[in-house]
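Chemist: Can you read through this structure? Questions will come right after.
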Amino acid sequence: MTDIQLDFAKQDGLIPVIVTDYQTGQVLMLAYMNEESYQLTLETKQMHYWSRSRQELWHKGATSGHYQYVKSITADCDCDTLLIAVEQVGAACHTGAYSCFFNEIYSEENSQQ
């Protein structure tokens with residue numbers, strides 16, 4: 001652990017969290033943390049978030065069984081965004097998909113020029 005102080009004040013008490021699969025680097029989801037969910041994540045080594053829609057703490061996997069176990073936490077240069085690598089159990093997305101990022105809009109690889 002380090003003494004890095006995150007800047008929760010900059011964005012009304014919330015910081016964005018980019019969550020990746022620790023083995024593949026695949027982006028699984030984007031969520032938000034407040035100070036309490038961040039501290040719970042550090043203490044338990046399981047992901048806790050702040051649900052903006054429900055306005056409550058959210059322990060990922062508590063109802064679905066799709067837990068996220070923390071492998072590493074990195075802050076960006078401004079200390080107002082986190083990149084967290086996790087061991088994902090089951091699906092990260094509420095739709096049942098492994099990653100929330102599955103709606104392809106554009107891919108140069110799939111584009112016909």
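Letters for chains follow the order of the structure tokens (A, B, ...), residue numbers begin at 1 for each chain, and ligand numbers begin at 1 in the order shown.
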Please extract the residues of chain A with a backbone DSSP assignment of helix (DSSP H, G or I) and present them as a list in words.

Modeler: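 These are the residues in question: Ala9, Lys10, Gln11, Glu35, Glu36, Ser37, Tyr38, Gln39, Leu40, Thr41, Leu42, Glu43, Thr44, Glu108, Glu109 and Asn110 of chain A.
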
Chemist: Extract, using only C-alpha atoms, all DNA, RNA and protein residues at most 12 Å from A:Glu56, discarding same-chain residues fewer than 3 positions from it, and format them as a list in words.

Modeler: Tyr32, Met33, Asn34, Glu36, Ser37, His48, Tyr49, Trp50, Ser51, Arg52, Ser53 and His59 of chain A

Chemist: Kindly save the residues from that selection, with all heavy atoms included, as a compact mmCIF listing (two decimals), in the first residue's frame.

Modeler:
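Saved file part_1.txt follows:
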# COMPACT_ATOMS: atom_id res chain seq x y z
N TYR A 32 -18.24 3.50 -10.37
CA TYR A 32 -17.82 4.64 -9.56
C TYR A 32 -17.66 4.22 -8.11
O TYR A 32 -18.36 3.34 -7.63
CB TYR A 32 -18.84 5.78 -9.66
CG TYR A 32 -18.87 6.36 -11.04
CD1 TYR A 32 -19.66 5.80 -12.03
CD2 TYR A 32 -18.06 7.45 -11.36
CE1 TYR A 32 -19.65 6.31 -13.32
CE2 TYR A 32 -18.05 7.97 -12.65
CZ TYR A 32 -18.85 7.40 -13.62
OH TYR A 32 -18.83 7.89 -14.89
N MET A 33 -16.71 4.88 -7.44
CA MET A 33 -16.48 4.66 -6.01
C MET A 33 -16.58 5.99 -5.28
O MET A 33 -16.16 7.02 -5.81
CB MET A 33 -15.10 4.09 -5.74
CG MET A 33 -14.92 2.65 -6.06
SD MET A 33 -13.25 2.13 -5.56
CE MET A 33 -13.43 0.38 -5.78
N ASN A 34 -17.10 5.91 -4.06
CA ASN A 34 -16.95 7.02 -3.13
C ASN A 34 -15.89 6.57 -2.12
O ASN A 34 -15.34 5.47 -2.22
CB ASN A 34 -18.28 7.41 -2.49
CG ASN A 34 -18.89 6.31 -1.65
OD1 ASN A 34 -18.29 5.26 -1.41
ND2 ASN A 34 -20.10 6.53 -1.19
N GLU A 36 -16.13 5.62 0.95
CA GLU A 36 -16.51 4.45 1.74
C GLU A 36 -16.35 3.16 0.93
O GLU A 36 -15.81 2.16 1.43
CB GLU A 36 -17.96 4.58 2.22
CG GLU A 36 -18.38 3.45 3.14
CD GLU A 36 -19.80 3.59 3.67
OE1 GLU A 36 -20.52 4.54 3.26
OE2 GLU A 36 -20.19 2.74 4.49
N SER A 37 -16.80 3.16 -0.32
CA SER A 37 -16.66 1.94 -1.13
C SER A 37 -15.18 1.65 -1.43
O SER A 37 -14.77 0.50 -1.49
CB SER A 37 -17.47 2.05 -2.42
OG SER A 37 -17.08 3.15 -3.20
N HIS A 48 -16.18 -3.05 -4.19
CA HIS A 48 -17.35 -2.34 -3.70
C HIS A 48 -17.45 -1.04 -4.48
O HIS A 48 -16.44 -0.40 -4.75
CB HIS A 48 -17.22 -2.02 -2.21
CG HIS A 48 -17.28 -3.22 -1.33
ND1 HIS A 48 -16.22 -4.10 -1.19
CD2 HIS A 48 -18.27 -3.69 -0.56
CE1 HIS A 48 -16.57 -5.06 -0.35
NE2 HIS A 48 -17.80 -4.84 0.04
N TYR A 49 -18.65 -0.66 -4.84
CA TYR A 49 -18.86 0.53 -5.65
C TYR A 49 -19.95 1.39 -5.02
O TYR A 49 -20.64 0.97 -4.10
CB TYR A 49 -19.32 0.16 -7.07
CG TYR A 49 -18.37 -0.73 -7.82
CD1 TYR A 49 -18.63 -2.09 -7.97
CD2 TYR A 49 -17.21 -0.22 -8.39
CE1 TYR A 49 -17.76 -2.92 -8.66
CE2 TYR A 49 -16.34 -1.04 -9.09
CZ TYR A 49 -16.62 -2.38 -9.22
OH TYR A 49 -15.76 -3.20 -9.91
N TRP A 50 -20.13 2.58 -5.59
CA TRP A 50 -21.27 3.42 -5.27
C TRP A 50 -22.20 3.37 -6.47
O TRP A 50 -21.82 3.68 -7.59
CB TRP A 50 -20.86 4.86 -5.00
CG TRP A 50 -22.04 5.73 -4.73
CD1 TRP A 50 -22.62 6.63 -5.58
CD2 TRP A 50 -22.85 5.74 -3.56
NE1 TRP A 50 -23.72 7.21 -5.00
CE2 TRP A 50 -23.88 6.68 -3.75
CE3 TRP A 50 -22.80 5.05 -2.35
CZ2 TRP A 50 -24.85 6.95 -2.79
CZ3 TRP A 50 -23.75 5.32 -1.39
CH2 TRP A 50 -24.77 6.25 -1.61
N SER A 51 -23.43 2.92 -6.24
CA SER A 51 -24.43 2.87 -7.30
C SER A 51 -25.06 4.25 -7.45
O SER A 51 -25.74 4.72 -6.54
CB SER A 51 -25.51 1.83 -6.99
OG SER A 51 -26.56 1.93 -7.92
N ARG A 52 -24.83 4.88 -8.59
CA ARG A 52 -25.40 6.21 -8.83
C ARG A 52 -26.91 6.11 -9.03
O ARG A 52 -27.64 7.02 -8.65
CB ARG A 52 -24.75 6.86 -10.05
CG ARG A 52 -23.27 7.13 -9.83
CD ARG A 52 -22.60 7.73 -11.04
NE ARG A 52 -22.82 6.90 -12.22
CZ ARG A 52 -22.72 7.31 -13.47
NH1 ARG A 52 -22.41 8.56 -13.73
NH2 ARG A 52 -22.90 6.48 -14.47
N SER A 53 -27.40 5.03 -9.61
CA SER A 53 -28.84 4.90 -9.85
C SER A 53 -29.61 4.58 -8.57
O SER A 53 -30.70 5.11 -8.34
CB SER A 53 -29.13 3.83 -10.92
OG SER A 53 -28.62 2.58 -10.51
N HIS A 59 -21.83 -4.05 -3.22
CA HIS A 59 -20.78 -5.06 -3.15
C HIS A 59 -20.95 -5.97 -4.35
O HIS A 59 -21.89 -6.77 -4.40
CB HIS A 59 -20.90 -5.85 -1.84
CG HIS A 59 -19.88 -6.93 -1.70
ND1 HIS A 59 -20.00 -7.91 -0.75
CD2 HIS A 59 -18.74 -7.21 -2.37
CE1 HIS A 59 -18.99 -8.73 -0.83
NE2 HIS A 59 -18.21 -8.34 -1.83

Chemist: Might you pull out every residue within 10 Å of A:Val70, with only C-alpha atoms counted and same-chain residues fewer than 5 positions away left off, and present them as a list of chain:residue names?

Modeler: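 Selected residues are A:Val19, A:Asp21, A:Tyr22, A:Thr41, A:Leu42, A:Thr44, A:Lys45, A:Gln46, A:Met47, A:Ile84, A:Ala85, A:Val86, A:Glu87, A:Gln88.
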
Chemist: Tell me which protein, DNA and RNA residues are within 10 Å of A:Leu6, counting only C-alpha atoms, leaving out same-chain ones fewer than 3 positions away, and put them as a PyMOL selection string.

Modeler: chain A and resi 3+9-10+15+35+38+75-76+78-82

Chemist: Keeping only all heavy atoms, write those residues as a compact mmCIF listing (two decimals), in the first residue's frame.

Modeler:
# COMPACT_ATOMS: atom_id res chain seq x y z
N ASP A 3 0.85 5.80 0.13
CA ASP A 3 0.18 6.93 0.78
C ASP A 3 -0.52 7.84 -0.24
O ASP A 3 -0.74 9.01 0.03
CB ASP A 3 1.19 7.75 1.58
CG ASP A 3 1.73 6.97 2.76
OD1 ASP A 3 1.01 6.12 3.29
OD2 ASP A 3 2.89 7.23 3.16
N ALA A 9 -13.03 14.82 -4.09
CA ALA A 9 -13.75 16.10 -4.09
C ALA A 9 -13.97 16.65 -5.49
O ALA A 9 -14.94 17.36 -5.74
CB ALA A 9 -12.97 17.12 -3.25
N LYS A 10 -13.09 16.33 -6.42
CA LYS A 10 -13.14 16.92 -7.77
C LYS A 10 -14.44 16.60 -8.50
O LYS A 10 -14.94 17.40 -9.27
CB LYS A 10 -11.96 16.42 -8.58
CG LYS A 10 -11.82 17.12 -9.93
CD LYS A 10 -10.68 16.54 -10.76
CE LYS A 10 -9.34 16.96 -10.22
NZ LYS A 10 -8.22 16.48 -11.04
N ILE A 15 -15.26 8.82 -7.87
CA ILE A 15 -14.20 8.68 -8.87
C ILE A 15 -14.55 7.50 -9.77
O ILE A 15 -15.09 6.49 -9.31
CB ILE A 15 -12.82 8.49 -8.23
CG1 ILE A 15 -12.78 7.29 -7.30
CG2 ILE A 15 -12.36 9.74 -7.51
CD1 ILE A 15 -11.39 6.94 -6.80
N GLU A 35 -15.59 7.41 -1.14
CA GLU A 35 -14.53 7.06 -0.19
C GLU A 35 -14.86 5.80 0.59
O GLU A 35 -13.98 4.97 0.85
CB GLU A 35 -14.26 8.23 0.77
CG GLU A 35 -13.55 9.37 0.08
CD GLU A 35 -13.08 10.44 1.03
OE1 GLU A 35 -12.24 10.15 1.89
OE2 GLU A 35 -13.58 11.58 0.90
N TYR A 38 -14.38 2.70 -1.58
CA TYR A 38 -12.94 2.53 -1.78
C TYR A 38 -12.30 1.87 -0.56
O TYR A 38 -11.53 0.90 -0.68
CB TYR A 38 -12.30 3.88 -2.08
CG TYR A 38 -10.80 3.85 -2.19
CD1 TYR A 38 -10.17 3.17 -3.24
CD2 TYR A 38 -9.99 4.51 -1.28
CE1 TYR A 38 -8.79 3.13 -3.35
CE2 TYR A 38 -8.61 4.50 -1.38
CZ TYR A 38 -8.02 3.80 -2.42
OH TYR A 38 -6.64 3.78 -2.52
N ALA A 75 -3.71 4.31 -9.62
CA ALA A 75 -4.37 5.61 -9.81
C ALA A 75 -3.75 6.31 -11.02
O ALA A 75 -2.57 6.11 -11.34
CB ALA A 75 -4.20 6.48 -8.57
N ASP A 76 -4.55 7.14 -11.68
CA ASP A 76 -4.03 7.92 -12.80
C ASP A 76 -3.19 9.09 -12.28
O ASP A 76 -3.03 9.27 -11.07
CB ASP A 76 -5.17 8.40 -13.71
CG ASP A 76 -5.96 9.54 -13.12
OD1 ASP A 76 -6.02 9.67 -11.87
OD2 ASP A 76 -6.55 10.31 -13.89
N ASP A 78 -3.66 12.25 -12.06
CA ASP A 78 -4.34 13.25 -11.24
C ASP A 78 -4.94 12.67 -9.96
O ASP A 78 -5.56 13.39 -9.18
CB ASP A 78 -5.47 13.91 -12.03
CG ASP A 78 -4.95 14.73 -13.19
OD1 ASP A 78 -3.87 15.35 -13.05
OD2 ASP A 78 -5.61 14.74 -14.25
N CYS A 79 -4.80 11.37 -9.77
CA CYS A 79 -5.35 10.67 -8.60
C CYS A 79 -6.86 10.86 -8.49
O CYS A 79 -7.41 10.97 -7.39
CB CYS A 79 -4.65 11.10 -7.32
SG CYS A 79 -2.95 10.51 -7.25
N ASP A 80 -7.55 10.89 -9.66
CA ASP A 80 -9.00 11.01 -9.64
C ASP A 80 -9.70 9.94 -10.47
O ASP A 80 -10.89 10.03 -10.74
CB ASP A 80 -9.45 12.41 -10.05
CG ASP A 80 -9.07 12.76 -11.48
OD1 ASP A 80 -8.51 11.90 -12.20
OD2 ASP A 80 -9.34 13.90 -11.89
N THR A 81 -8.95 8.92 -10.89
CA THR A 81 -9.50 7.77 -11.61
C THR A 81 -8.68 6.55 -11.22
O THR A 81 -7.46 6.64 -11.07
CB THR A 81 -9.42 7.97 -13.14
OG1 THR A 81 -10.13 9.15 -13.48
CG2 THR A 81 -10.02 6.79 -13.89
N LEU A 82 -9.35 5.41 -11.07
CA LEU A 82 -8.65 4.18 -10.73
C LEU A 82 -8.73 3.16 -11.86
O LEU A 82 -9.73 3.08 -12.56
CB LEU A 82 -9.26 3.55 -9.47
CG LEU A 82 -9.05 4.31 -8.17
CD1 LEU A 82 -9.80 3.62 -7.04
CD2 LEU A 82 -7.56 4.42 -7.84

Chemist: Could you list, as number ranges by chain, every residue within 8 Å of A:Cys100, counting only C-alpha atoms and ignoring same-chain residues fewer than 6 positions away?

Modeler: A: 28-29, 92-94

Chemist: Store the residues of this selection in a file with C-alpha atoms, as a PDB file, in the first residue's frame.

Modeler:
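Result went into again14.pdb, see below:
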ATOM      1  CA  LEU A  28     -14.810  -5.508 -17.936  1.00  0.00           C
ATOM      2  CA  MET A  29     -16.701  -2.477 -16.716  1.00  0.00           C
ATOM      3  CA  ALA A  92     -19.050  -8.600 -14.896  1.00  0.00           C
ATOM      4  CA  CYS A  93     -22.077  -7.182 -16.730  1.00  0.00           C
ATOM      5  CA  HIS A  94     -25.620  -7.162 -15.336  1.00  0.00           C
TER       6      HIS A  94
END

Chemist: Taking the backbone alone, and naming residues the way the document does, which bits of chain A are strand (DSSP E or B) by DSSP, as a PyMOL selection string?

Modeler: chain A and resi 15-21+27-33+46+48-51+56-59+68-75+82-88

Chemist: Would you mind exporting the chosen residues as a tab-separated table (two decimals), in the first residue's frame, restricted to N, CA and C atoms?

Modeler:
chain	number	residue	atom	x	y	z
A	15	ILE	N	-15.26	8.82	-7.87
A	15	ILE	CA	-14.20	8.68	-8.87
A	15	ILE	C	-14.55	7.50	-9.77
A	16	PRO	N	-14.26	7.64	-11.08
A	16	PRO	CA	-14.50	6.52	-11.99
A	16	PRO	C	-13.48	5.41	-11.77
A	17	VAL	N	-13.93	4.19	-11.96
A	17	VAL	CA	-13.08	3.02	-11.79
A	17	VAL	C	-13.20	2.17	-13.05
A	18	ILE	N	-12.07	1.99	-13.73
A	18	ILE	CA	-12.01	1.11	-14.88
A	18	ILE	C	-11.56	-0.25	-14.36
A	19	VAL	N	-12.35	-1.28	-14.63
A	19	VAL	CA	-12.07	-2.61	-14.10
A	19	VAL	C	-11.66	-3.53	-15.24
A	20	THR	N	-10.51	-4.19	-15.07
A	20	THR	CA	-10.00	-5.10	-16.09
A	20	THR	C	-9.78	-6.50	-15.53
A	21	ASP	N	-9.77	-7.47	-16.43
A	21	ASP	CA	-9.43	-8.84	-16.08
A	21	ASP	C	-7.91	-8.89	-15.85
A	27	VAL	N	-11.07	-4.96	-20.68
A	27	VAL	CA	-11.88	-4.06	-19.87
A	27	VAL	C	-13.22	-4.74	-19.60
A	28	LEU	N	-13.57	-4.84	-18.33
A	28	LEU	CA	-14.81	-5.51	-17.94
A	28	LEU	C	-15.94	-4.53	-17.70
A	29	MET	N	-15.65	-3.42	-17.06
A	29	MET	CA	-16.70	-2.48	-16.72
A	29	MET	C	-16.12	-1.14	-16.27
A	30	LEU	N	-16.99	-0.16	-16.22
A	30	LEU	CA	-16.68	1.14	-15.65
A	30	LEU	C	-17.71	1.38	-14.57
A	31	ALA	N	-17.26	1.74	-13.39
A	31	ALA	CA	-18.18	2.01	-12.28
A	31	ALA	C	-17.60	3.18	-11.49
A	32	TYR	N	-18.24	3.50	-10.37
A	32	TYR	CA	-17.82	4.64	-9.56
A	32	TYR	C	-17.66	4.22	-8.11
A	33	MET	N	-16.71	4.88	-7.44
A	33	MET	CA	-16.48	4.66	-6.01
A	33	MET	C	-16.58	5.99	-5.28
A	46	GLN	N	-12.26	-7.21	-2.15
A	46	GLN	CA	-13.37	-7.48	-3.07
A	46	GLN	C	-13.93	-6.12	-3.47
A	48	HIS	N	-16.18	-3.05	-4.19
A	48	HIS	CA	-17.35	-2.34	-3.70
A	48	HIS	C	-17.45	-1.04	-4.48
A	49	TYR	N	-18.65	-0.66	-4.84
A	49	TYR	CA	-18.86	0.53	-5.65
A	49	TYR	C	-19.95	1.39	-5.02
A	50	TRP	N	-20.13	2.58	-5.59
A	50	TRP	CA	-21.27	3.42	-5.27
A	50	TRP	C	-22.20	3.37	-6.47
A	51	SER	N	-23.43	2.92	-6.24
A	51	SER	CA	-24.43	2.87	-7.30
A	51	SER	C	-25.06	4.25	-7.45
A	56	GLU	N	-26.63	3.97	-3.35
A	56	GLU	CA	-26.23	3.14	-2.23
A	56	GLU	C	-24.95	2.38	-2.54
A	57	LEU	N	-24.30	1.89	-1.49
A	57	LEU	CA	-23.13	1.04	-1.67
A	57	LEU	C	-23.53	-0.24	-2.37
A	58	TRP	N	-22.61	-0.79	-3.14
A	58	TRP	CA	-22.88	-1.97	-3.93
A	58	TRP	C	-21.66	-2.89	-3.84
A	59	HIS	N	-21.83	-4.05	-3.22
A	59	HIS	CA	-20.78	-5.06	-3.15
A	59	HIS	C	-20.95	-5.97	-4.35
A	68	GLN	N	-15.76	-9.95	-7.64
A	68	GLN	CA	-14.53	-9.46	-8.23
A	68	GLN	C	-13.49	-9.36	-7.12
A	69	TYR	N	-12.39	-10.11	-7.28
A	69	TYR	CA	-11.31	-10.14	-6.30
A	69	TYR	C	-10.15	-9.27	-6.80
A	70	VAL	N	-9.76	-8.31	-5.99
A	70	VAL	CA	-8.76	-7.32	-6.37
A	70	VAL	C	-7.38	-7.97	-6.49
A	71	LYS	N	-6.73	-7.69	-7.62
A	71	LYS	CA	-5.35	-8.13	-7.85
A	71	LYS	C	-4.39	-6.95	-7.84
A	72	SER	N	-4.81	-5.79	-8.37
A	72	SER	CA	-3.98	-4.59	-8.31
A	72	SER	C	-4.85	-3.35	-8.46
A	73	ILE	N	-4.36	-2.25	-7.87
A	73	ILE	CA	-5.05	-0.96	-7.95
A	73	ILE	C	-4.01	0.08	-8.35
A	74	THR	N	-4.34	0.85	-9.40
A	74	THR	CA	-3.46	1.92	-9.87
A	74	THR	C	-4.28	3.18	-10.04
A	75	ALA	N	-3.71	4.31	-9.62
A	75	ALA	CA	-4.37	5.61	-9.81
A	75	ALA	C	-3.75	6.31	-11.02
A	82	LEU	N	-9.35	5.41	-11.07
A	82	LEU	CA	-8.65	4.18	-10.73
A	82	LEU	C	-8.73	3.16	-11.86
A	83	LEU	N	-7.67	2.38	-11.97
A	83	LEU	CA	-7.62	1.22	-12.84
A	83	LEU	C	-7.39	0.04	-11.92
A	84	ILE	N	-8.37	-0.86	-11.89
A	84	ILE	CA	-8.29	-1.99	-10.96
A	84	ILE	C	-8.38	-3.29	-11.75
A	85	ALA	N	-7.36	-4.13	-11.56
A	85	ALA	CA	-7.35	-5.46	-12.18
A	85	ALA	C	-7.95	-6.45	-11.17
A	86	VAL	N	-8.88	-7.27	-11.65
A	86	VAL	CA	-9.58	-8.19	-10.77
A	86	VAL	C	-9.59	-9.60	-11.33
A	87	GLU	N	-9.81	-10.53	-10.44
A	87	GLU	CA	-10.18	-11.89	-10.83
A	87	GLU	C	-11.70	-11.90	-10.84
A	88	GLN	N	-12.29	-12.04	-12.01
A	88	GLN	CA	-13.73	-11.99	-12.18
A	88	GLN	C	-14.31	-13.40	-12.05

Chemist: Could you tell me how far atom CA of A:Gln39 sits from atom CA of A:Gly61, in Å to one decimal place?

Modeler: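 Value for the atom CA of A:Gly61-atom CA of A:Gln39 distance: 17.3 Å.
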
Chemist: Rounded to one decimal place, report the atom CA of A:Ala62-atom CA of A:Ser99 distance in Å.

Modeler: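 Pair atom CA of A:Ala62 / atom CA of A:Ser99 returns 18.0 Å.
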
Chemist: What separation in Å, quoted to one decimal, exists between atom CA of A:Thr95 and atom CA of A:Thr24?

Modeler: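 Distance between the two atoms: 20.8 Å.
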